[in-house]
file data26.tsv (TSV, C-alpha atoms)
chain	number	residue	atom	x	y	z
H	66	MET	CA	0.00	0.00	0.00
H	67	THR	CA	2.77	2.38	0.60
H	68	HIS	CA	3.72	2.08	-3.03
H	69	ARG	CA	0.23	3.25	-4.09
H	70	ILE	CA	0.31	6.14	-1.61
H	71	ARG	CA	3.73	7.19	-2.87
H	72	LEU	CA	2.50	7.01	-6.48
H	73	ARG	CA	-0.58	9.10	-5.69
H	74	ALA	CA	1.51	11.63	-3.79
H	75	ALA	CA	3.92	11.88	-6.74
H	76	VAL	CA	1.00	12.44	-9.17
H	77	VAL	CA	-0.58	15.08	-6.90
H	78	LEU	CA	2.79	16.81	-6.51
H	79	ALA	CA	3.39	16.73	-10.28
H	80	LEU	CA	-0.07	18.19	-11.01
H	81	THR	CA	0.38	20.88	-8.34
H	82	LEU	CA	3.72	21.93	-9.79
H	83	ALA	CA	2.27	21.93	-13.31
H	84	LEU	CA	-0.68	24.14	-12.25
H	85	LEU	CA	1.62	26.53	-10.40
H	86	GLY	CA	3.61	26.99	-13.60
H	87	VAL	CA	0.55	28.00	-15.72
H	88	PRO	CA	0.22	31.60	-14.43
H	89	ALA	CA	3.92	32.17	-14.98
H	90	MET	CA	3.50	31.11	-18.61
H	91	ALA	CA	0.49	33.41	-19.04
H	92	GLN	CA	2.39	36.34	-17.57
H	93	ALA	CA	5.26	35.74	-19.91
H	94	ALA	CA	2.86	35.88	-22.87
H	95	PHE	CA	1.80	39.46	-21.96
H	96	SER	CA	5.14	40.97	-21.05
H	97	ALA	CA	5.45	43.05	-24.26
H	98	TYR	CA	3.45	46.28	-24.89
H	99	ALA	CA	1.98	47.19	-28.22
H	100	GLY	CA	-0.21	50.30	-28.36
H	101	ALA	CA	-2.27	52.01	-31.00
H	102	THR	CA	-2.26	55.74	-31.58
H	103	THR	CA	-5.52	57.69	-31.38
H	104	SER	CA	-5.94	60.31	-34.04
H	105	VAL	CA	-7.88	63.44	-33.13
H	106	SER	CA	-8.75	66.33	-35.42
H	107	THR	CA	-11.12	69.28	-35.70
H	108	ALA	CA	-13.37	70.34	-38.50
H	109	THR	CA	-13.27	73.87	-39.86
H	110	ILE	CA	-16.37	75.47	-41.30
H	111	GLN	CA	-15.11	77.54	-44.21
H	112	LYS	CA	-16.76	80.76	-45.34
H	113	PRO	CA	-19.38	80.49	-48.08
H	114	SER	CA	-18.47	81.87	-51.48
H	115	PRO	CA	-21.63	83.12	-53.20
H	116	THR	CA	-21.95	86.30	-55.20
H	117	VAL	CA	-23.45	89.02	-52.98
H	118	THR	CA	-24.89	92.04	-54.77
H	119	VAL	CA	-25.91	95.32	-53.14
H	120	VAL	CA	-28.56	97.14	-55.16
H	121	CYS	CA	-29.30	100.73	-54.17
H	122	GLN	CA	-32.51	102.31	-55.49
H	123	ALA	CA	-34.37	105.50	-54.63
H	124	GLY	CA	-36.22	104.24	-51.55
H	125	THR	CA	-34.72	100.81	-50.90
H	126	VAL	CA	-31.46	98.93	-50.55
H	127	SER	CA	-31.34	95.21	-51.35
H	128	ILE	CA	-28.55	92.84	-50.35
H	129	ASP	CA	-28.95	89.82	-52.60
H	130	VAL	CA	-27.15	86.51	-51.93
H	131	GLY	CA	-26.79	84.51	-55.12
H	132	PRO	CA	-26.88	80.72	-55.39
H	133	TYR	CA	-24.16	79.00	-53.37
H	134	THR	CA	-22.82	75.56	-52.54
H	135	PRO	CA	-23.49	74.67	-48.90
H	136	VAL	CA	-20.27	74.68	-46.88
H	137	ALA	CA	-18.90	71.35	-45.65
H	138	PHE	CA	-19.86	70.56	-42.02
H	139	ALA	CA	-22.47	73.37	-41.91
H	140	ASN	CA	-26.10	72.40	-41.46
H	141	ARG	CA	-27.38	76.00	-41.61
H	142	HIS	CA	-26.41	79.24	-43.39
H	143	GLU	CA	-27.33	82.75	-42.35
H	144	ILE	CA	-26.82	86.38	-43.40
H	145	GLN	CA	-26.56	89.09	-40.73
H	146	LEU	CA	-26.64	92.86	-41.20
H	147	PHE	CA	-24.87	95.28	-38.82
H	148	ASP	CA	-25.03	99.08	-38.71
H	149	VAL	CA	-21.93	101.30	-38.48
H	150	ASN	CA	-21.96	100.87	-34.65
H	151	LYS	CA	-21.76	97.06	-35.11
H	152	LYS	CA	-25.30	96.61	-33.79
H	153	LEU	CA	-27.12	93.61	-35.28
H	154	ILE	CA	-30.01	95.04	-37.29
H	155	GLN	CA	-31.32	92.00	-39.12
H	156	LYS	CA	-30.53	88.33	-39.65
H	157	LYS	CA	-32.03	85.87	-42.03
H	158	SER	CA	-31.60	82.13	-42.45
H	159	LEU	CA	-30.82	81.02	-45.97
H	160	LEU	CA	-33.01	77.99	-46.40
H	161	GLY	CA	-31.22	76.45	-49.32
H	162	PRO	CA	-28.55	76.95	-51.95
H	163	ASP	CA	-30.79	79.37	-53.89
H	164	GLY	CA	-29.63	82.28	-51.74
H	165	GLY	CA	-31.88	85.02	-50.43
H	166	ASP	CA	-31.93	88.71	-49.74
H	167	ILE	CA	-32.38	91.45	-47.17
H	168	GLN	CA	-34.54	94.45	-48.09
H	169	LEU	CA	-34.08	97.82	-46.40
H	170	SER	CA	-36.27	100.82	-46.95
H	171	GLY	CA	-35.22	104.43	-46.51
H	172	GLY	CA	-32.64	106.77	-47.93
H	173	ARG	CA	-29.80	105.19	-49.87
H	174	GLY	CA	-27.02	107.05	-48.07
H	175	GLN	CA	-28.08	106.08	-44.55
H	176	TYR	CA	-26.86	102.50	-45.09
H	177	ASN	CA	-23.36	103.37	-46.30
H	178	GLY	CA	-20.75	101.58	-44.21
H	179	TRP	CA	-23.13	98.94	-42.90
H	180	LYS	CA	-21.63	95.42	-42.89
H	181	PHE	CA	-23.16	92.12	-43.84
H	182	GLU	CA	-21.81	88.72	-42.83
H	183	LEU	CA	-22.67	85.41	-44.44
H	184	SER	CA	-21.72	82.36	-42.36
H	185	GLY	CA	-22.19	78.63	-42.13
H	186	PHE	CA	-23.22	77.15	-38.78
H	187	TYR	CA	-23.31	73.65	-37.32
H	188	ASP	CA	-26.11	73.20	-34.77
H	189	VAL	CA	-25.11	70.19	-32.64
H	190	PRO	CA	-28.12	67.81	-32.56
H	191	GLY	CA	-29.78	67.41	-29.18
H	192	THR	CA	-28.00	70.41	-27.63
H	193	THR	CA	-28.05	74.19	-27.73
H	194	ASN	CA	-24.42	74.27	-28.93
H	195	THR	CA	-23.61	75.92	-32.25
H	196	TRP	CA	-20.30	76.02	-34.08
H	197	THR	CA	-19.85	79.14	-36.19
H	198	GLY	CA	-17.81	79.17	-39.37
H	199	THR	CA	-15.69	81.90	-40.87
H	200	ALA	CA	-17.83	84.74	-42.22
H	201	LEU	CA	-17.86	86.25	-45.69
H	202	ILE	CA	-17.93	89.97	-44.86
H	203	GLY	CA	-19.04	92.78	-47.12
H	204	THR	CA	-19.82	96.46	-46.87
H	205	VAL	CA	-22.89	98.32	-48.12
H	206	VAL	CA	-21.85	101.15	-50.45
H	207	CYS	CA	-24.50	103.29	-52.14
H	208	THR	CA	-23.34	106.23	-54.23

call {"tool": "encode", "arguments": {"input": "data26.tsv", "output": "structure tokens"}}
result
Amino acid sequence: MTHRIRLRAAVVLALTLALLGVPAMAQAAFSAYAGATTSVSTATIQKPSPTVTVVCQAGTVSIDVGPYTPVAFANRHEIQLFDVNKKLIQKKSLLGPDGGDIQLSGGRGQYNGWKFELSGFYDVPGTTNTWTGTALIGTVVCT
């Protein structure tokens, strides 16, 4: 019987030593580091490039935005009009690539020096955040 007990003890000892060696093998398999780089970038909303025409007539001034190609990353386009004191007087959403216009009534000379800005915007869905693109800026000149 002692032979059987010695045999069993040898088998148990051999299995124990084998199982103790398994974690060491697993650790050796993960000793090297290989990492991946994460690329991060930002998007820039460029300024639109339509033809903008200022038409001065006797009692009105019209700022006409011609057809344009929507700017990449912008989901909305808008024209804003500022007086000579940089106060926002009027803004209008351009609802498509067909352009649009702003009509002003009054004397032609009173609008000289006023600025208009045409910009693309990205309204972030589900939030109140808006990214504003570079503006195309022009000046009203009536002679």

call {"tool": "atom_distance", "arguments": {"input": "data26.tsv", "atom1": "CA of Gly178 (chain H)", "atom2": "CA of Ala139 (chain H)"}}
result
28.4 Å

call {"tool": "residues_around", "arguments": {"input": "data26.tsv", "residues": "Val149 (chain H)", "least_positions_apart": "3", "cutoff": "10 Å", "atoms": "only C-alpha atoms", "output": "list in words"}}
result
Lys152, Leu153, Gln175, Tyr176, Asn177, Gly178, Trp179, Lys180 and Thr204 of chain H

call {"tool": "closest_residue", "arguments": {"input": "data26.tsv", "among": "H:Ile110, H:Val126, H:Val117, H:Ile154", "to": "His142 (chain H)", "atoms": "all atoms listed in the file"}}
result
H:Ile110

call {"tool": "closest_residue", "arguments": {"input": "data26.tsv", "among": "H:Ser106, H:Gln122, H:Arg73, H:Arg141", "to": "Gly171 (chain H)", "atoms": "all atoms listed in the file"}}
result
H:Gln122

call {"tool": "atom_distance", "arguments": {"input": "data26.tsv", "atom1": "CA of Pro190 (chain H)", "atom2": "CA of Pro115 (chain H)"}}
result
26.5 Å

call {"tool": "atom_distance", "arguments": {"input": "data26.tsv", "atom1": "CA of Ala200 (chain H)", "atom2": "CA of Leu159 (chain H)"}}
result
14.0 Å

call {"tool": "closest_residue", "arguments": {"input": "data26.tsv", "among": "H:Ala79, H:Ile167, H:Phe138, H:Gly174", "to": "Asp188 (chain H)", "atoms": "only C-alpha atoms"}}
result
H:Phe138
